[in-house]
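Report on the structure given below.
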Amino acid sequence: MERRVRVRFAPSPTGPLHIGGVRTALYNYLFARQHKGDFILRIEDTDSQRFVPGAEEYINESLRWCGINIDEGVNEGGDYAPYRQSERREIYLKYAMDLINSDNAYYAFDTPEELTSLRESVEAKGEVFAYNYTVRTEFATSLILSKEEVEERINRGDQWVVRFKMPENEIIHMKDLIRGDIAVNTSTLDDKVLYKSADSLPTYHLANIVDDRLMEISHVIRGEEWLPSLPLHYLLYRSFGWSDIQPEFAHLPLLLKPTGKGKLSKRDGDKMGFPVFPLKWVAPTTGETARGYREDGYFPESFINMIALLGWNPGNDQEIMNMEQLTELFSLDKVGKSGARFDPEKAKWFNSQYMQKRDNSELAESFLVELKERGVDCSLDMAIKVTSMIKERTTFISDFWGESFFIFEAPKSFDEKVVAKFWKGENPIRMAKLRELLAEVEDFSASNTESLVHNWIKSNELPMGQIMNSLRLVIVGESKGPSMFDICEMIGKEETLKRIDFAISELA
RNA sequence: GGCCCGUUCGUCUAUCGGCUAGGACGCUAGAUUUUCAUUCUAGUAAGAGGAGUUCGACUCUCCUACGGGCUACCA
């Protein structure tokens, strides 16, 4: 019998959710949906030192914005609650004790300070310090201390940790859904801390394995940075006797900087001018801010489409896909093995694609918000007309104003280069004549003015380019924008004539 | 340093032993347009290097180089 697919996204609330984290969440979500399984959000807040207020809310809001729906989680609840590890703390100690009782782990009484200084002195000699089978008997641990001594130390309040007793010289064979078979010799691994008495909390490794088991997780899909700890996780499952029901693993390639070395970081975004986070973030303590895709004007569909293709593809040339299509097409064996450099230019291209698909009235409503802020009075109807006129030339809604300001306000100045090029010879006189012609026009619709003006140009054998560019200079102030007749219709007869008059007197 | 993972156009990638190596972004040129942009067309550009297996290798194996990750009482 196939077991029910249950996957989880398990971020740590230590700050804003990174774009790579969103991708991990997305792949988990797509996998769950495709297999009619469950997508779980588990908050891994076992590091009391690094906890950041607001980070959990940020994670939830980010996923909501992306359209990644959570089946079970801190806000949604579920049969396996609680989903916040800090609320599950009493669970973990028992499992840590089980490991000690089965001789797979042991108490260690050395303090972090002792270890740091020891590590430093060893490294000063150019050697590598590893807390493993070669040295563990040199420390105060339950491996060498008598049972009574261990109890006495614990009772008198000495701090302790539980460390995993990593086997010596054993080859661990693992399977990764993306990378295939992997083997590691346990002698290269160390005795990881699983539980710490200082805050009565487990470390990631213990909490993760215990919760994945308890929550009946079927597939662990996570970032490649976890690959080195996969042998430990295998060994933990084995020590608990859960090897036959452990989840399958898939380690995702990392997101790399657009240029240079290393993985994508907040600094890259700051330096190159693109967001690294889905939403804007304000650090609660420092007040430091980081821009977000939402605030930068990206559509969530576009954002999702873009990150979905970072490290995965459907195997054909299709690039524009919505969540339903992604769900249908997603496959772990089409996930790439190597890290993907992030390309901000392509991100923009995706948004312009989605811009064209967007409904005009929806876009217009967003545009109206900006117009209002600028003190521009505009009806929804008008905004829709403007939108349909300019959207094909934009990537973000924030581009709208720059592409349409001349519809809402007359030019106060005129582009010098365009003036030099077109406001010469007979053109000023021609504009005066054109003004007379337009003053007589009753029906100011684009189609009517267009045919009238074109006829006038033809019958008088006037140069089309000179006339139209001069008119554009007069009406817009520079050499850009959609069809002149559309613009004239939009601003109306009165305004058109006014602008011609103003330009003639101003440029005289 | 050690361990693990990876390596096709500048970037994201297709190819699962037969390739004249395909698509997209970007860039360049041309066409369309009254302008700018859009759009369309075309061009640019890749299998890290070396051995081996094979009739045949981008695809499989090994070595080297390079890149990435991990190496905390962080996740």
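Ligands are numbered from 1 in the order shown, residues from 1 within each chain, and chains are lettered A, B, ... in the order they appear in the structure tokens.
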Select, as an MDAnalysis selection string, those residues of chain B with any atom no more than 6 Å from chain A (distances computed using only C-alpha atoms (C1' of nucleotides)).
chainID B and resid 4 6 23 25 34:38 69:70 73
Apply DSSP to the structure's backbone, then extract all residues of range 340-370 of chain A labelled alpha helix (DSSP H) and return them as a ChimeraX atom specification.
/A:344-357,360-370
File dump, residues just selected, N, CA and C atoms, as a short mmCIF file (atom, residue, chain, number, x, y, z; two decimals), in the first residue's frame:
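And here's result-v3.cif as it stands now:
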data_model
loop_
_atom_site.label_atom_id
_atom_site.label_comp_id
_atom_site.auth_asym_id
_atom_site.auth_seq_id
_atom_site.Cartn_x
_atom_site.Cartn_y
_atom_site.Cartn_z
N PRO A 344 17.81 38.48 -12.04
CA PRO A 344 16.76 39.48 -11.81
C PRO A 344 16.11 39.95 -13.11
N GLU A 345 16.84 39.92 -14.22
CA GLU A 345 16.27 40.37 -15.49
C GLU A 345 15.13 39.45 -15.92
N LYS A 346 15.35 38.17 -15.74
CA LYS A 346 14.32 37.22 -16.14
C LYS A 346 13.08 37.36 -15.24
N ALA A 347 13.34 37.71 -13.99
CA ALA A 347 12.23 37.92 -13.06
C ALA A 347 11.32 39.02 -13.60
N LYS A 348 11.92 40.08 -14.12
CA LYS A 348 11.14 41.19 -14.67
C LYS A 348 10.36 40.73 -15.90
N TRP A 349 11.02 39.94 -16.72
CA TRP A 349 10.36 39.46 -17.92
C TRP A 349 9.10 38.66 -17.59
N PHE A 350 9.21 37.84 -16.56
CA PHE A 350 8.03 37.09 -16.13
C PHE A 350 6.91 38.04 -15.74
N ASN A 351 7.26 39.09 -15.04
CA ASN A 351 6.21 40.00 -14.60
C ASN A 351 5.54 40.70 -15.77
N SER A 352 6.32 41.06 -16.78
CA SER A 352 5.72 41.73 -17.93
C SER A 352 4.79 40.75 -18.66
N GLN A 353 5.14 39.47 -18.66
CA GLN A 353 4.26 38.47 -19.26
C GLN A 353 2.92 38.41 -18.52
N TYR A 354 3.02 38.40 -17.20
CA TYR A 354 1.79 38.33 -16.41
C TYR A 354 1.01 39.63 -16.46
N MET A 355 1.72 40.72 -16.65
CA MET A 355 1.05 42.02 -16.80
C MET A 355 0.08 41.96 -17.98
N GLN A 356 0.53 41.40 -19.09
CA GLN A 356 -0.30 41.35 -20.29
C GLN A 356 -1.54 40.48 -20.09
N LYS A 357 -1.42 39.50 -19.22
CA LYS A 357 -2.55 38.60 -18.98
C LYS A 357 -3.56 39.17 -17.98
N ASN A 360 -7.72 44.37 -17.23
CA ASN A 360 -7.54 45.82 -17.23
C ASN A 360 -8.18 46.51 -16.03
N SER A 361 -9.37 46.07 -15.68
CA SER A 361 -10.06 46.77 -14.60
C SER A 361 -9.34 46.54 -13.27
N GLU A 362 -8.78 45.35 -13.13
CA GLU A 362 -8.04 45.06 -11.91
C GLU A 362 -6.79 45.93 -11.81
N LEU A 363 -6.09 46.03 -12.93
CA LEU A 363 -4.89 46.88 -12.98
C LEU A 363 -5.26 48.33 -12.75
N ALA A 364 -6.38 48.73 -13.38
CA ALA A 364 -6.81 50.13 -13.27
C ALA A 364 -7.08 50.50 -11.82
N GLU A 365 -7.66 49.57 -11.08
CA GLU A 365 -7.95 49.87 -9.68
C GLU A 365 -6.68 50.12 -8.88
N SER A 366 -5.67 49.33 -9.16
CA SER A 366 -4.39 49.56 -8.49
C SER A 366 -3.79 50.89 -8.91
N PHE A 367 -3.96 51.19 -10.18
CA PHE A 367 -3.41 52.45 -10.70
C PHE A 367 -4.11 53.65 -10.06
N LEU A 368 -5.41 53.49 -9.84
CA LEU A 368 -6.18 54.58 -9.23
C LEU A 368 -5.63 54.96 -7.86
N VAL A 369 -5.12 53.96 -7.15
CA VAL A 369 -4.54 54.24 -5.84
C VAL A 369 -3.37 55.21 -5.97
N GLU A 370 -2.52 54.93 -6.96
CA GLU A 370 -1.38 55.82 -7.16
C GLU A 370 -1.83 57.19 -7.64
#
Looking at only C-alpha atoms (C1' of nucleotides), which of A:Ile504, A:Ile68, A:Leu232, A:Ile307 is the one that sits closest to C12 in chain B?
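Between A:Ile504, A:Ile68, A:Leu232, A:Ile307, the residue approaching C12 in chain B most closely is A:Ile307.
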